[in-house]
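Notes follow once the structure below has been shown.
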Amino acid sequence: MNVDILVIGGGVSGLTAAVEAAETGYSVALVEKNPYLGGRVTQLTKYFPKMCPPYCGLEIFLKRLKNCENLKVLTNARVKRVEGVAGNFNVFVEVTPRFVNENCTACGECEKVCPMERSNDFNFGMDKTKAIYLPHEMAYPPIYVIDPNACNKCGECVKVCRYDAINLDEQPQEITINAKAIIVATGWNPYDATKLETLGFGVYPNVITNMMMERMVSPNGPTNGKIVRPSDGKEPKVVAFAQCAGSRDENHLPYCSAICCLASMKHALYIREQIPDSKVYVFYIDRRAYGRYEDFFKKVDQDENVVFIRGKVAKVEEGSNGNLIVHAEDTETGRKVQMEVELLVLATGMQPTTALEKIEGLEYDDYGFVVEREGIIPCGVARMPADVASSNRDATGAVIKAIQVVRG
Amino acid sequence: MEKNLGVYICTGCGIDKLDIEKIKGVVENEFKITPKVHQALCSRDGVELIKKDIEGGVNAVVICACSPRVKQDVFNFGKDVITVRVNLREDVVWSHDIDEHAQELAEDYVRMGIVQAQKTELPEPYIEETSKDILVVGGGVTGLTAALECAKAGYKVYLVEKENELGGWVKKFKSILPGKFPYREPVDAESYINEKVKEVTNNENITVYTSTRIKSISGQPGMFNVVVDREGNEETFKVGAIIVATGWKPYDATKLSHLGYGLDGVVTNIELERMLKDGKLEFNGRKVKDVAFILCAGQRDENHIPYCSTVCCLTSLRQALNIRELNKDSNVYVFYKDLRTVGIYEDFYKYAQQDEGIYLTKAEIKSIKQNGDKIRVEVTNTLLGEDIAVDVDMVVLVTGMLSSMYGLYTVKEEYPDEGEPPYSHIKPAVPKEIAFENRDKEWILNLQYRQGPELPTLKYAFPDSHYICFPYESRRTGIYPAGCVRAPMTVRDCELDARGAALKAIQTVELVAKGATIFPRTGDIDYPQFFLQRCTQCKRCTEECPFGALDEDEKGTPQPNPLRCRRCGICFGACPEKIISFKQYSVDMISSMIKAMSVPSDEGKLRILVFACENDAYPAIDMAAKNGLKFSPLVRIIPVRCLGSVNVVFIADAMSKGVDGVLMLGCKFGEDYQCHFIRGSELANRRMENVKETLNRLFIEPERVKIEQVEISDWERIPEIINGFVEEIKKIGPNPYKGF
């Protein structure tokens, strides 16, 4: 396959870059490792500061994408290696089988007969799907996918499918794409909270991450939108947030992840709206509601049941009834704080995907962010920690750098 | 166009639960068309069936299958074939128990789809001779970068700067923040900006105008006529798109006397920068050794600038480092509210922290007073747990950044001649009197647009996009603000922002050259046409267009600018004379679809019409169906481009036909509006007044018409909203016009 511009990653940055480039008139290949486009934002319930649903923007992105005849989408596809120079890159892509082809109408009959289940990674393992599943409500392409690790190849789905859409023998493929320029939009992963040993994640069930909170409040999340404690399904009345969990920390992510303060403020709103008699404590170092996000901070800060305490959570212990004892130092008063809470949310930071999964042939900084060079342009969180609006801005800008190479 | 319709009914995905023969009968008897039935129209075989008919002369196909939101690629028969999708899957079989009512629903949708195809025409693009040149307004770091990026992509650029040299603020700075890894030492500003200026002046694609102001801009994307005034000499040129990079201005520090401004030794960060640039730490002839920075001076403060200027924490650290470079004995105290060195710039913070002469603490300012030849700063609530007082030679008030649009007269709706702004999301930045006073004195673009001379702004005079997903969506097509005019940002972010604006500008000129619109209906070539003979000059369309696409002649007759148009249809929703229509979307089309519904006189069979925003409410209904949620089969859903395109006529038509209720599902409006056409849903709401009047005139209960705000993720609420409305209508009883 030959294209002008190859975009690695189909999250919101990659989608922006691919659609903007195609709409400007260039041929584009968009390569996404997941079976669906949209990336991390599809897991978010609302965006700060407007508290609007990411699906709304995604609908427009997908509508535009479908209108771009010069844009080719590859899902379940991972870029392994990049070779060549600006104007002439060869990109090696591994496509893992989806086992379901584009004949699929997403009628859902297969799902009904599938006997096997898998842990749902979209919901961070908080619930299960069948082995054949549609990743989420607005998954694009809107076709099912089979998890080979969960499928027992019983063939029930094949029998029930009226559209000849399932092939259990599909094999992995390797393809090479020639592109004149590459936009890297590989995004981020939440920092692995099990590495934050003193904070109790993975030890105490009622310590969850911010992304898990995000899934929990989602109407298509594991609890159908209800905020509950994993240990007993009870509505938590006292919730604490540990900011900079792994960020601004030499032992973990030395940088600031740019969004976690705002994300926790948003979560405080979720909780306060859903549980009117709740109390939220946010342990922070700095409240980084920069720019006009200050208005959002003020809106949250006005609620007397959201309390900001300056101090980093040092230690978490188990209390009674699944509660947690949070230890922190209040750096404003100098006092040590000890507080019993019913749910603790770790505001874990963003780690570039390329910190853990390097693509051969790209350059990286010490943190694993991608370094720009002629013809290879990172954008969004592949370049640096950023919120959605900045990522999309960066992705739009990456396109003109790519076009300059394409036009030689 | 002479139409030859083909109707295709799919029986897959459960549609075969319906009585397909009966549906066929409707098509045959009422429309004299023999429909074709296939068990999976989206299969290769099914598509072949349709393609064969197209080869045989069919030029309009009605596909009765799944939602128009899926399988578009499969049912794409090219631009010469009209394709209409009838949603029998999501809107009928997946969302209803199959009974007599669901059957009637399916039959109605098929009728409405056929009529829609009959009323659709193939669009022809608006093609004019266009320019692909770009105008960049402002020669600071953002403007320079934008000009260079466009030029390097092969586009001609006019760069207009009002000062007599390029470089903007950065030209006046000692240093700037590092733009790439490692984010540590400050970078020399002069060599950075000189390099950029040199690159611009040497680029043959860029024409630079310094000491130049824009006198006026008229026209539309692809054909903007720009008149500039270069020291008294007028020049005119044509451009296709515009980038506004006019930057920022500092907040007036004389308003900060409570923080000691006016005392001998109290300066702003801008004044300090000049000293650093000159390499002399002196104030009024006195040497300066110890310095205190007061962050957020007049910022995050309701009485001054309520927002945070994003860069000041970092700038202060940079200046602190510069001070320490000039004088190793200096002590620099930085008092902050929160230290906002966001993201990767945490590294810069850590670098500055290592300097033993820089003391940082969170603090609240108690007082700033003269103390002999020193200034005493007293602070409380510090990280040390105690109050602190320091005597310093200089206090630096870190004042914030205002958009260069602050104080300008922007658009009529922000500063109406009389009364209040007409939309709830509008937050004028300055009192009306100030904007009026500045009206002919200060301006940036001076657009010759009916709605006003500048970009519309959001809060605090920033002409920013309101959309998180679409940061470049301005409300003036083809005009893109970038850099500090739209939000305070670092030099690196200005560069990145300029790149994106450059891309949007070149994308605009490429699209409008083909007669196609830009976001969000990118590529749509259909545009509204006006039958002006019947226009009554009511001016609703020219006032309500969210993008200022329509100008007016002296009488008030609209003068369309199709290349400014974003194809939302709000103008035709506004028009009481029904004289505005697209080829593919028109008042006549929707009225005819309403008339195609069957309205039984049987009182048990109420008929309720739902207009659903196609971007949010309609997908929410699809997802409700996918999740197996059921709602009343008495409703008929018509997706619309925007609720703002719903004309009162539709409601009158429906009521006089005997339809019992009309429900409109649109986006949230107000400060956090979600409407992609800015105010379509708010307009729909406001037009309800007219609707109620119309209904009263017809002796119909006004409660028969209702608007609900629905988000795309609200699918779980869909049954409750629809069934709730049906129940309300049941209580009111059948429409008295039924059967007439």
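Naming works like this for the structure tokens: A, B, ... for the chains as they're shown, residue 1 at the start of each chain, ligands 1 onward in shown order.
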
**Message:** I'd like the neighbourhood of range 257-271 of chain A as number ranges by chain, where a residue qualifies if any of its atoms comes within 9 Å (using only C-alpha atoms), though same-chain residues fewer than 3 positions away should be ignored.
**Reply:** A: 46-49, 51, 210, 213-214, 217, 227, 236-237, 239, 241, 243-244, 247-248, 253, 274-276, 278-282, 284, 286-289, 293, 296-297, 300-301, 306, 345, 347-351, 384-387; B: 341-344

**Request:** Run DSSP on the backbone and grab whatever in range 127-343 of chain A lands in helix (DSSP H, G or I); send it over as a VMD selection string.
**Result:** chain A and resid 156 to 160 193 to 195 197 to 199 210 to 216 260 to 274 293 to 301 320 to 322

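Using only C-alpha atoms, the residues found no farther than 10 Å from Val200 in chain B, other than those of its own chain fewer than 6 positions away, are B:Gly139, B:Leu144, B:Thr145, B:Ala147, B:Leu148, B:Glu149, B:Ala151, B:Leu159, B:Leu166, B:Asn194, B:Ile206, B:Thr207, B:Val208.
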
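Using only C-alpha atoms for every distance, the candidate list B:Asn371, B:Asn284, B:Thr11, B:Gln116 yields B:Thr11 as the residue closest to chain A.
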
Find the nearest atom pair between each residue of chain B and chain A for residues within 7 Å, count only C-alpha atoms, give distances in Å to one decimal, sort rows by chain and ascending number, and present the table as a Markdown table.
| residue | atom | partner | partner_atom | distance |
| --- | --- | --- | --- | --- |
| B:Cys13 | CA | A:Cys107 | CA | 5.4 |
| B:Ser43 | CA | A:Asn103 | CA | 6.5 |
| B:Lys152 | CA | A:Gln404 | CA | 6.1 |
| B:Ala153 | CA | A:Gln404 | CA | 4.6 |
| B:Phe181 | CA | A:Asp365 | CA | 6.8 |
| B:Tyr307 | CA | A:Arg292 | CA | 5.2 |
| B:Cys308 | CA | A:Gly291 | CA | 4.5 |
| B:Ser309 | CA | A:Gly291 | CA | 5.2 |
| B:Thr310 | CA | A:Gly291 | CA | 4.8 |
| B:Asp338 | CA | A:Asp286 | CA | 4.9 |
| B:Leu339 | CA | A:Asp286 | CA | 5.9 |
| B:Arg340 | CA | A:Arg288 | CA | 5.2 |
| B:Val342 | CA | A:Ala258 | CA | 5.3 |
| B:Gly343 | CA | A:Ala258 | CA | 4.4 |
| B:Ile344 | CA | A:Tyr255 | CA | 5.4 |
| B:Glu346 | CA | A:Tyr255 | CA | 5.3 |
| B:Asp347 | CA | A:Tyr255 | CA | 6.4 |
| B:Asn381 | CA | A:Glu332 | CA | 6.4 |
| B:Thr382 | CA | A:Glu332 | CA | 6.4 |
| B:Leu383 | CA | A:Glu332 | CA | 5.3 |
| B:Gly385 | CA | A:Thr333 | CA | 5.5 |
| B:Ile468 | CA | A:Ala389 | CA | 4.8 |
| B:Cys469 | CA | A:Gly57 | CA | 5.7 |
| B:Phe470 | CA | A:Asn392 | CA | 6.9 |
| B:Pro471 | CA | A:Ala389 | CA | 5.9 |
| B:Pro488 | CA | A:Gly291 | CA | 6.7 |
| B:Leu496 | CA | A:Asp394 | CA | 6.0 |
| B:Asp497 | CA | A:Arg393 | CA | 6.4 |
| B:Arg499 | CA | A:Gly397 | CA | 4.3 |
| B:Gly500 | CA | A:Gly397 | CA | 3.5 |
| B:Leu503 | CA | A:Ile400 | CA | 5.2 |
| B:Gln507 | CA | A:Thr24 | CA | 4.7 |
| B:Glu510 | CA | A:Thr24 | CA | 6.6 |
| B:Pro520 | CA | A:Ile60 | CA | 6.9 |
| B:Thr522 | CA | A:Arg64 | CA | 6.8 |
| B:Asn615 | CA | A:Glu59 | CA | 6.7 |
| B:Asp616 | CA | A:Cys56 | CA | 6.2 |
| B:Met623 | CA | A:Glu137 | CA | 6.6 |
| B:Asp672 | CA | A:Lys50 | CA | 5.3 |
| B:Ile712 | CA | A:Cys56 | CA | 5.8 |
| B:Ser713 | CA | A:Pro53 | CA | 6.4 |
